[in-house]
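Visitor: Here it is, the structure in full.
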Amino acid sequence: MVNFRKYISSAAVLASGFFLAQSTVSTVLYSQNYDNQKNSLNLPSPVSSVVEKTVLSAKELVDINVNTMMSDPVLKNAHWGFVVYDPKTKKVISSYNENTPLVPASTTKLLTTETALNLLGENYRWMTQLEYSGTVDENGTLNGNLYIVGSGDPSLGTNKAGAWSYRDIISDFIGGLSREGIRKVNGDIIIQTALFKGNISMLPENVVWLENNNYYLPAGTTRGINPANEKLIVKKGGFSTEKKFFYVSPYAHQMVYAEKYDGDGVLTTKLPDAPAFLANSFRTTLVKSGISVTGKVTPKMTDAAPENRKMLSVYKSPTLGDIIYYTNQHSDNSLAEALLKTVGFQKMGDQTSDSGRIVVTNHLQEAGFDMNGLNYIDGSGLSRSNNVTPISQVKFLTSLMDEKYYRSYLTSLPVGGQSGTLKRMFIGGGNGQVFAKTGTLNKVKTLAGYIKTNSGKTLVFSLMVNNYSGSVDMVKKRMEKILEPALEL
């Protein structure tokens, strides 16, 4: 239980919130005459006496905070909703606008990553294989082609979640050639990635590009061109060298994302076409190593009459559990969109965002998700056309507590004051007790997940704020304030 005196740290603000918001707290009224008598008799203040004797429940404190925030200047004209829910009693403890559809931002990843875990399993891996056709003669000459066969690995060459670098993968591939005794390739290096037929795609509707410094969606292809040498065409002003940059790719003619800007038009970028870059780097490394390649690197999405081929090497991605951990901890948009396309391919044989959306929404419906107010547009939450209600998020998260992969799913969420995108929130109250996915767009801040209370309970919550005033840090402080008393439930 929390003493009321602790809560009433700002008497001027809480006086109206306490008495006018019709909270469940008992109040004591007294007259001005009593004040006058008190002054002459040197008696204690009636208010302080009442405060010392009045002890509020944690629920009452949560309700008071909700009522106070309704008139808060930062949230007064905002659209926002809140639910804290007890999964054991299956009852709402406190709520506000719980049935209102709101823009969820990156809490959309909660739906995307869970669908992938449910349909693929946490031990799922993507394979990138090196194969060859033809024969190897006594001189070690391969009279045939090398094939790099991809499966849509979203972490390929990125070092994310423990993924290997391109250099490590290429070294392993060269080891495969050495084991087979291949010292020359009299043929082409063929990229066979039919999964990537939807790689050059239009962006989902209403996607935010330039309003924040870390949003990215893969678009277009660089083929054999290293994007690190692309020149900056469009740059939002006011960025420092530590922040992120956006530009129009001369190859895709769409907005893409740059990891780093070094000045003089030099960018370090995310790689939209990883298999092509791997194949070109592989060929370059072979030639430098003294293994000549007479042919070229060429894509072959489909093959009506495939050649007989033999395996040389297989690179396995990190597990899906590891990928999802990285995705949720870092709110990685490119990985989330890749997961969307992967579930689309696994269920419908078509790796496109459209197929992914169908698969995710069908899965949610079959799982009993409250579809009222749901509009699922992309896998990452970049689109402002995404909508979800706080109550549906909460009931969805509650339903996962019985799933065999719940522990892996829970572990993937940032922890207040400790990890991921929550490392700088809940540094005081809630440190190590809030497990939640964050979401941020311009004038949108969201948070949804689980709370471990001081009494050992697990509660589920959703808090989404759209169109607020002030800064995002101001909203984050109010989020911490509204959730703090819930730790005592």
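Identifiers in the structure tokens: chain A, B, ... in order shown; residue index from 1 per chain; ligand index from 1 in order shown.
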Show which residues sit within 6 Å of Glu122 of chain A, as an NGL selection string. Count only C-alpha atoms, and ignore same-chain residues fewer than 5 positions away.
Guide: :A and (117 or 320-321)
Visitor: Please report as CSV every residue of segment 420-478 of chain A lying within 12 Å of segment 401-409 of chain A, along with the nearest atom pair and their distance in Å (one decimal), using only C-alpha atoms.
Guide:
residue,atom,partner,partner_atom,distance
A:Phe435,CA,A:Tyr409,CA,10.4
A:Ala436,CA,A:Tyr409,CA,10.6
A:Lys437,CA,A:Tyr409,CA,11.0
A:Gly449,CA,A:Tyr409,CA,10.7
A:Tyr450,CA,A:Met401,CA,10.3
A:Thr458,CA,A:Met401,CA,10.0
A:Leu459,CA,A:Met401,CA,10.9
A:Val460,CA,A:Met401,CA,10.2
Visitor: Excluding same-chain residues fewer than 6 positions from Ser95 of chain A, what lies within 7 Å of it counting only C-alpha atoms, as a PDB file with C-alpha atoms, in the first residue's frame?
Guide:
ATOM      1  CA  PHE A  82      -4.806   2.804 -21.361  1.00  0.00           C
ATOM      2  CA  VAL A  83      -5.541  -0.610 -19.839  1.00  0.00           C
ATOM      3  CA  VAL A  84      -3.974  -2.545 -17.006  1.00  0.00           C
TER       4      VAL A  84
END
Visitor: Got a sec: who's within 6 Å of Glu131 of chain A, counting only C-alpha atoms, leaving out chain neighbours fewer than 2 positions off, as a count of residues only?
Guide: 5
Visitor: Between A:Asn372, A:Ala105, A:Gly470, A:Gly430, which has the minimum distance to Ile482 of chain A (counting only C-alpha atoms)?
Guide: A:Gly430
Visitor: Neighbouring residues of Pro414 of chain A were defined as those with any atom within 12 Å, considering only C-alpha atoms; residues of the same chain fewer than 6 positions away were excluded. Please report them as a PyMOL selection string.
Guide: chain A and resi 107+110+324-331+420-426+431-439+447-451
Visitor: Include N, CA and C atoms and write out the residues we just selected as a PDB file, in the first residue's frame.
Guide:
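New file result-v4.pdb:
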ATOM      1  N   THR A 107       4.704  -0.999 -31.518  1.00  0.00           N
ATOM      2  CA  THR A 107       4.082  -2.108 -30.792  1.00  0.00           C
ATOM      3  C   THR A 107       3.376  -3.047 -31.769  1.00  0.00           C
ATOM      4  N   LEU A 110       4.737  -6.564 -31.934  1.00  0.00           N
ATOM      5  CA  LEU A 110       4.246  -7.613 -31.050  1.00  0.00           C
ATOM      6  C   LEU A 110       3.451  -8.656 -31.828  1.00  0.00           C
ATOM      7  N   ILE A 324      14.129 -12.631 -33.329  1.00  0.00           N
ATOM      8  CA  ILE A 324      13.015 -11.907 -32.707  1.00  0.00           C
ATOM      9  C   ILE A 324      13.490 -11.140 -31.477  1.00  0.00           C
ATOM     10  N   TYR A 325      14.414 -11.721 -30.738  1.00  0.00           N
ATOM     11  CA  TYR A 325      14.991 -10.999 -29.603  1.00  0.00           C
ATOM     12  C   TYR A 325      15.624  -9.696 -30.074  1.00  0.00           C
ATOM     13  N   TYR A 326      16.434  -9.779 -31.123  1.00  0.00           N
ATOM     14  CA  TYR A 326      17.081  -8.577 -31.660  1.00  0.00           C
ATOM     15  C   TYR A 326      16.041  -7.585 -32.191  1.00  0.00           C
ATOM     16  N   THR A 327      15.034  -8.110 -32.888  1.00  0.00           N
ATOM     17  CA  THR A 327      14.002  -7.256 -33.481  1.00  0.00           C
ATOM     18  C   THR A 327      13.279  -6.438 -32.416  1.00  0.00           C
ATOM     19  N   ASN A 328      12.860  -7.081 -31.338  1.00  0.00           N
ATOM     20  CA  ASN A 328      12.092  -6.379 -30.316  1.00  0.00           C
ATOM     21  C   ASN A 328      12.966  -5.510 -29.418  1.00  0.00           C
ATOM     22  N   GLN A 329      14.163  -5.983 -29.104  1.00  0.00           N
ATOM     23  CA  GLN A 329      15.056  -5.182 -28.258  1.00  0.00           C
ATOM     24  C   GLN A 329      15.450  -3.873 -28.942  1.00  0.00           C
ATOM     25  N   HIS A 330      15.760  -3.956 -30.242  1.00  0.00           N
ATOM     26  CA  HIS A 330      16.247  -2.782 -30.979  1.00  0.00           C
ATOM     27  C   HIS A 330      15.157  -2.131 -31.824  1.00  0.00           C
ATOM     28  N   SER A 331      13.964  -2.696 -31.802  1.00  0.00           N
ATOM     29  CA  SER A 331      12.858  -2.236 -32.650  1.00  0.00           C
ATOM     30  C   SER A 331      13.316  -2.138 -34.101  1.00  0.00           C
ATOM     31  N   GLY A 420      17.532  -2.728 -24.168  1.00  0.00           N
ATOM     32  CA  GLY A 420      16.810  -2.332 -25.375  1.00  0.00           C
ATOM     33  C   GLY A 420      16.292  -0.909 -25.340  1.00  0.00           C
ATOM     34  N   THR A 421      15.147  -0.715 -25.946  1.00  0.00           N
ATOM     35  CA  THR A 421      14.561   0.623 -26.056  1.00  0.00           C
ATOM     36  C   THR A 421      13.940   1.115 -24.755  1.00  0.00           C
ATOM     37  N   LEU A 422      13.961   0.290 -23.699  1.00  0.00           N
ATOM     38  CA  LEU A 422      13.464   0.728 -22.378  1.00  0.00           C
ATOM     39  C   LEU A 422      14.601   1.001 -21.393  1.00  0.00           C
ATOM     40  N   LYS A 423      15.817   0.991 -21.883  1.00  0.00           N
ATOM     41  CA  LYS A 423      16.958   1.121 -20.979  1.00  0.00           C
ATOM     42  C   LYS A 423      16.961   2.448 -20.234  1.00  0.00           C
ATOM     43  N   ARG A 424      16.404   3.490 -20.862  1.00  0.00           N
ATOM     44  CA  ARG A 424      16.401   4.813 -20.233  1.00  0.00           C
ATOM     45  C   ARG A 424      15.045   5.188 -19.649  1.00  0.00           C
ATOM     46  N   MET A 425      14.144   4.233 -19.588  1.00  0.00           N
ATOM     47  CA  MET A 425      12.864   4.445 -18.897  1.00  0.00           C
ATOM     48  C   MET A 425      12.802   3.533 -17.671  1.00  0.00           C
ATOM     49  N   PHE A 426      12.006   3.941 -16.682  1.00  0.00           N
ATOM     50  CA  PHE A 426      11.816   3.163 -15.457  1.00  0.00           C
ATOM     51  C   PHE A 426      13.150   2.887 -14.763  1.00  0.00           C
ATOM     52  N   ASN A 431      12.211  -0.492 -12.380  1.00  0.00           N
ATOM     53  CA  ASN A 431      13.469  -1.013 -12.915  1.00  0.00           C
ATOM     54  C   ASN A 431      13.482  -2.535 -12.792  1.00  0.00           C
ATOM     55  N   GLY A 432      13.590  -3.209 -13.952  1.00  0.00           N
ATOM     56  CA  GLY A 432      13.607  -4.663 -13.960  1.00  0.00           C
ATOM     57  C   GLY A 432      12.251  -5.310 -13.813  1.00  0.00           C
ATOM     58  N   GLN A 433      11.180  -4.499 -13.781  1.00  0.00           N
ATOM     59  CA  GLN A 433       9.834  -5.039 -13.558  1.00  0.00           C
ATOM     60  C   GLN A 433       8.891  -4.819 -14.731  1.00  0.00           C
ATOM     61  N   VAL A 434       9.278  -3.987 -15.686  1.00  0.00           N
ATOM     62  CA  VAL A 434       8.441  -3.703 -16.856  1.00  0.00           C
ATOM     63  C   VAL A 434       9.071  -4.358 -18.077  1.00  0.00           C
ATOM     64  N   PHE A 435       8.320  -5.244 -18.724  1.00  0.00           N
ATOM     65  CA  PHE A 435       8.781  -5.947 -19.925  1.00  0.00           C
ATOM     66  C   PHE A 435       7.834  -5.537 -21.055  1.00  0.00           C
ATOM     67  N   ALA A 436       8.304  -4.687 -21.962  1.00  0.00           N
ATOM     68  CA  ALA A 436       7.345  -4.107 -22.899  1.00  0.00           C
ATOM     69  C   ALA A 436       7.997  -3.685 -24.201  1.00  0.00           C
ATOM     70  N   LYS A 437       7.186  -3.646 -25.239  1.00  0.00           N
ATOM     71  CA  LYS A 437       7.596  -3.125 -26.544  1.00  0.00           C
ATOM     72  C   LYS A 437       7.236  -1.657 -26.605  1.00  0.00           C
ATOM     73  N   THR A 438       8.182  -0.867 -27.056  1.00  0.00           N
ATOM     74  CA  THR A 438       7.957   0.566 -27.221  1.00  0.00           C
ATOM     75  C   THR A 438       7.534   0.865 -28.656  1.00  0.00           C
ATOM     76  N   GLY A 439       6.988   2.043 -28.852  1.00  0.00           N
ATOM     77  CA  GLY A 439       6.656   2.515 -30.192  1.00  0.00           C
ATOM     78  C   GLY A 439       6.785   4.019 -30.254  1.00  0.00           C
ATOM     79  N   LEU A 447       3.378   1.954 -25.587  1.00  0.00           N
ATOM     80  CA  LEU A 447       4.065   0.999 -24.727  1.00  0.00           C
ATOM     81  C   LEU A 447       3.068  -0.107 -24.386  1.00  0.00           C
ATOM     82  N   ALA A 448       3.473  -1.354 -24.577  1.00  0.00           N
ATOM     83  CA  ALA A 448       2.583  -2.470 -24.268  1.00  0.00           C
ATOM     84  C   ALA A 448       3.403  -3.677 -23.849  1.00  0.00           C
ATOM     85  N   GLY A 449       2.941  -4.355 -22.803  1.00  0.00           N
ATOM     86  CA  GLY A 449       3.673  -5.527 -22.346  1.00  0.00           C
ATOM     87  C   GLY A 449       3.206  -6.004 -20.992  1.00  0.00           C
ATOM     88  N   TYR A 450       4.174  -6.387 -20.159  1.00  0.00           N
ATOM     89  CA  TYR A 450       3.887  -7.041 -18.881  1.00  0.00           C
ATOM     90  C   TYR A 450       4.560  -6.283 -17.737  1.00  0.00           C
ATOM     91  N   ILE A 451       3.921  -6.332 -16.554  1.00  0.00           N
ATOM     92  CA  ILE A 451       4.484  -5.757 -15.336  1.00  0.00           C
ATOM     93  C   ILE A 451       4.590  -6.858 -14.284  1.00  0.00           C
TER      94      ILE A 451
END
Visitor: Can you pull out the residues contacting Leu120 of chain A? Cut-off 9 Å, using only C-alpha atoms, and skip same-chain residues under 3 positions away; I want them as a PyMOL selection string.
Guide: chain A and resi 115-117+123-124+320+343+346
Visitor: Can you list, as an MDAnalysis selection string, every protein, DNA or RNA residue that comes within 9 Å of segment 139-145 of chain A when you count only C-alpha atoms, leaving out same-chain residues fewer than 5 positions away?
Guide: chainID A and resid 131:134 180:190 295
Visitor: From the options A:Asn97, A:Thr135, A:Ser106, A:Thr389, which residue's atoms come nearest to Asn308 of chain A, counting only C-alpha atoms?
Guide: A:Thr135
Visitor: Nearest residue to Gly176 of chain A out of A:Gly150, A:Arg309, A:Asp63, A:Gln129, using only C-alpha atoms?
Guide: A:Gln129
Visitor: Could you please determine the separation between atom CA of Asp378 of chain A and atom CA of Tyr468 of chain A in Å, to one decimal place?
Guide: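 Straight-line distance from atom CA of Asp378 of chain A to atom CA of Tyr468 of chain A works out to 23.4 Å.
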Visitor: Tell me which of A:Ala305, A:Val394, A:Ala276, A:Val444 sits closest to Lys91 of chain A, counting only C-alpha atoms.
Guide: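 When distances to Lys91 of chain A are compared using only C-alpha atoms, the smallest one comes from A:Val394.
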